[in-house]
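Written below as structure tokens is the structure these notes are about.
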Number of protein chains: 2
Amino acid sequence: MTQTARYHHGDLHATLLQEANTLLNEQGIEGLSLRKLAERAGVSRTAPYHHFRDKNALLCALATQAFSQLDEMINRQLQATGSQEGIQNFVREYLRFATENPEQYELMFGRTIWKGGEPTDELKTIAYRSFRHYAERLATLLAGRLPAKTDSLRVAQASWATVHGLCRLLIDGIYVNREDIETVSEQSIALIMAALSQPSS
Amino acid sequence: MTQTARYHHGDLHATLLQEANTLLNEQGIEGLSLRKLAERAGVSRTAPYHHFRDKNALLCALATQAFSQLDEMINRQLQATGSQEGIQNFVREYLRFATENPEQYELMFGRTIWKGGEPTDELKTIAYRSFRHYAERLATLLAGRLPAKTDSLRVAQASWATVHGLCRLLIDGIYVNREDIETVSEQSIALIMAALSQPSS
DNA sequence: CGGTTATTTTGACAGTGTCAAGATTCAGAT
DNA sequence: ATCTGAATCTTGACACTGTCAAAATAACCG
């Protein structure tokens with residue numbers, strides 16, 4: 001972690017990531033420019049290019065960091081407690097993560113990276129791993145409690161979509177207000193839980 | 001509709017909207033620049049500024065168009081047929097709308113408009129109206145079939161979030177692949193339907 | 001100490017949104 | 001029919017963006 005000051009700047013790579021994160025929080029994705037970032041780091045406009053191939057690579061690095069946090073949270077929350085309780089906690093924690101770090105969440109799942117500028121291999125790996133962890137732990141929690149002919153992977157996808165959709169509506173302020181969080185998340189949890197003990201039509 | 005050629009260009013306003021839509025489909029949001037657009041319309045860089053206050057206004061106009069399509073679809077699908085069938089059709093149509101017009105969908109619900117550059121009043125109106133129509137029709141369909149203490153508005157929000165989240169994952173290619181559409185949407189429908197005849201925990 | 005390499009800088013280019021000022025063309029009143 | 005004012009369009013300019021090429025600097029290793 002401590003890469004001990006080396007030469008010109010010290011450890012520019014780390015400084016850039018750190019400063020980029022605060023800039024992201026202050027001004028959002030659209031306010032995060034490499035030039036502003038360089039200036040904040042006290043370095044010239046093109047210096048960052050020796051630590052990140054281009055802007056996309058920098059953004060992917062930020063997203064990767066955030067995903068590793070998310071992954072850790074998933075593993076923490078969905079341990080072998082009761083299935084109902086576990087899922088409830090997961091949903092609440094997920095919502096908290098997203099609403100407390102809206103800019104990073106946007107980066108993680110937003111178009112900027114996944115459409116605009118091809119995600120890094122590293123990012124794709126950890127992003128998919130997070131979901132896989134979720135799917136696996138969910139399958140364990142629900143073992144034997146699922147209606148027949150219900151693939152647990154599909155449940156994982158559908159439930160993630162529910163929580164993810166809720167986060168996006170919340171963050172962008174569409175259809176769901178901040179003050180609705182409690183009630184709507186309860187309803188979403190009910191939605192997910194209901195499907196687990198009920199045969200699909 | 002035919003505003004009969006007037007003077008310099010003809011009807012630039014309409015031409016801009018039209019050309020912007022094709023440019024959007026061809027190159028995505030990030031490829032849609034006012035200058036390219038102006039060139040396509042055969043007009044100078046700043047001409048569009050006499051028809052749209054700024055780029056944001058243009059994007060909002062595009063999104064407004066798309067929302068009116070969506071609104072129409074909602075009213076069409078959720079008519080007083082069977083509730084189960086109606087909801088199923090709605091979900092399928094919604095998914096079709098989003099996956100066939102991914103760029104417009106991104107515009108409608110994306111950060112570009114709702115965070116980056118303040119949505120127009122016109123847009124906010126029709127966007128909210130679409131949801132209100134959905135909520136109203138859903139409430140009608142589910143009248144008397146909801147578990148006690150379940151607010152139909154919350155059901156509307158949670159179910160919209162589910163479908164919306166699914167669309168975003170699909171469009172951006174995260175966690176849900178194109179080939180999974182059928183299965184996952186079935187699972188999502190099951191998710192929504194299950195909550196309607198089951199008391200929440 | 002010298003040379004290779006890693007790091008940073010300066011200069012430049014194309015592209016972007018948008019403003020100010022001028023030029024053109026239309027529409028309506030005299 | 002002509003003049004006037006408003007609508008529409010163009011040219012020029014500015015600040016900002018990401019990124020490349022080439023030069024300058026500092027570190028490291030033999």
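We name chains A, B, ... following the order of the structure tokens; residues begin at 1 in each chain, and ligands are numbered from 1 as shown.
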Can you write out as a tab-separated table which residues of chain D fall within 12 Å of chain B, alongside each residue's closest atom pair and its distance in Å to one decimal, counting only C-alpha atoms (C1' of nucleotides) and ordering rows by chain and ascending residue number?
```
residue	atom	partner	partner_atom	distance
D:DA7	C1'	B:His50	CA	9.2
D:DT8	C1'	B:His8	CA	7.1
D:DC9	C1'	B:Ala47	CA	5.9
D:DT10	C1'	B:Ser44	CA	6.5
D:DT11	C1'	B:Ser44	CA	9.3
D:DG12	C1'	B:Thr46	CA	11.6
```
How would the residues just chosen look if you wrote them out with C-alpha atoms (C1' of nucleotides) as a CSV table (one decimal), in the first residue's frame?
```csv
chain,number,residue,atom,x,y,z
D,7,DA,C1',-37.0,36.3,-37.3
D,8,DT,C1',-33.3,33.5,-39.0
D,9,DC,C1',-28.8,32.4,-40.3
D,10,DT,C1',-23.5,33.1,-40.6
D,11,DT,C1',-18.8,34.4,-39.2
D,12,DG,C1',-15.5,35.0,-35.6
```
Discussion item. Quick check: residues of chain C within 8 Å of chain A, only C-alpha atoms (C1' of nucleotides), returned as a list in words.
Written reply: DT7, DT8 and DT9 of chain C
If you keep N, CA and C atoms (P, O5', C5', C4', C3', O3' and C1' of nucleotides), can you produce a file of those selected residues as a PDB file, in the first residue's frame?
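And here is the file that came out, result_28.pdb:
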```pdb
ATOM      1  P    DT C   7       7.695   5.240 -13.770  1.00  0.00           P
ATOM      2  O5'  DT C   7       7.644   6.818 -13.981  1.00  0.00           O
ATOM      3  C5'  DT C   7       8.326   7.641 -13.043  1.00  0.00           C
ATOM      4  C4'  DT C   7       8.458   9.048 -13.585  1.00  0.00           C
ATOM      5  C3'  DT C   7       7.141   9.805 -13.802  1.00  0.00           C
ATOM      6  O3'  DT C   7       6.991  10.719 -12.733  1.00  0.00           O
ATOM      7  C1'  DT C   7       8.769  10.256 -15.488  1.00  0.00           C
ATOM      8  P    DT C   8       5.618  11.548 -12.628  1.00  0.00           P
ATOM      9  O5'  DT C   8       5.883  12.820 -13.535  1.00  0.00           O
ATOM     10  C5'  DT C   8       6.846  13.777 -13.124  1.00  0.00           C
ATOM     11  C4'  DT C   8       7.095  14.782 -14.240  1.00  0.00           C
ATOM     12  C3'  DT C   8       5.868  15.591 -14.683  1.00  0.00           C
ATOM     13  O3'  DT C   8       5.997  16.933 -14.234  1.00  0.00           O
ATOM     14  C1'  DT C   8       7.234  14.932 -16.514  1.00  0.00           C
ATOM     15  P    DT C   9       4.893  18.004 -14.629  1.00  0.00           P
ATOM     16  O5'  DT C   9       5.509  18.606 -15.966  1.00  0.00           O
ATOM     17  C5'  DT C   9       6.805  19.186 -15.942  1.00  0.00           C
ATOM     18  C4'  DT C   9       7.152  19.733 -17.321  1.00  0.00           C
ATOM     19  C3'  DT C   9       6.109  20.693 -17.902  1.00  0.00           C
ATOM     20  O3'  DT C   9       6.709  21.936 -18.200  1.00  0.00           O
ATOM     21  C1'  DT C   9       6.697  19.021 -19.493  1.00  0.00           C
TER      22       DT C   9
END
```
Per residue of chain B within 7 Å of chain A, note the shortest atom pair and the distance in Å to one decimal, counting only C-alpha atoms, and order the rows by chain and increasing residue number, as CSV.
```
residue,atom,partner,partner_atom,distance
B:Arg111,CA,A:Asp172,CA,6.4
B:Trp114,CA,A:Asp172,CA,5.9
B:Lys115,CA,A:Asp172,CA,6.3
B:Tyr128,CA,A:Tyr175,CA,7.0
B:Arg154,CA,A:Val184,CA,5.7
B:Val155,CA,A:Gln187,CA,6.7
B:Gln157,CA,A:Val176,CA,7.0
B:Ala158,CA,A:Ser188,CA,5.4
B:Ala161,CA,A:Gly165,CA,4.5
B:Thr162,CA,A:Thr162,CA,3.9
B:His164,CA,A:Gly165,CA,5.4
B:Gly165,CA,A:Gly165,CA,3.5
B:Leu166,CA,A:Ala161,CA,4.9
B:Asp172,CA,A:Trp114,CA,5.9
B:Tyr175,CA,A:Tyr128,CA,7.0
B:Val176,CA,A:Gln157,CA,7.0
B:Val184,CA,A:Arg154,CA,5.7
B:Gln187,CA,A:Arg154,CA,6.4
B:Ser188,CA,A:Ala158,CA,5.4
B:Ala190,CA,A:Ser200,CA,5.2
B:Leu191,CA,A:Ala195,CA,5.0
B:Ile192,CA,A:Leu191,CA,6.3
B:Ala194,CA,A:Ala195,CA,5.3
B:Ala195,CA,A:Leu191,CA,5.0
B:Gln198,CA,A:Ala194,CA,6.4
B:Ser200,CA,A:Ala190,CA,5.2
B:Ser201,CA,A:Ala190,CA,6.7
```
Practice prompt. Tell me which protein, DNA and RNA residues are within 12 Å of DA15 in chain D, counting only C-alpha atoms (C1' of nucleotides), leaving out same-chain ones fewer than 4 positions away, and put them as a list in words.
Written response: DT16, DG17, DT18 and DC19 of chain C
Using the selection just defined, write its residues with C-alpha atoms (C1' of nucleotides) as a PDB file, in the first residue's frame.
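The resulting file, part11.pdb, is reproduced below:
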```
ATOM      1  C1'  DT C  16     -16.646  20.442 -28.324  1.00  0.00           C
ATOM      2  C1'  DG C  17     -20.592  24.061 -26.482  1.00  0.00           C
ATOM      3  C1'  DT C  18     -21.738  28.697 -26.653  1.00  0.00           C
ATOM      4  C1'  DC C  19     -21.604  33.825 -26.926  1.00  0.00           C
TER       5       DC C  19
END
```
Worksheet item: Out of range 2-200 of chain A, which residues get alpha helix (DSSP H) from DSSP, as a PyMOL selection string?
Response: chain A and resi 12-27+34-40+55-77+83-100+102-109+111+121-141+152-172+181-194
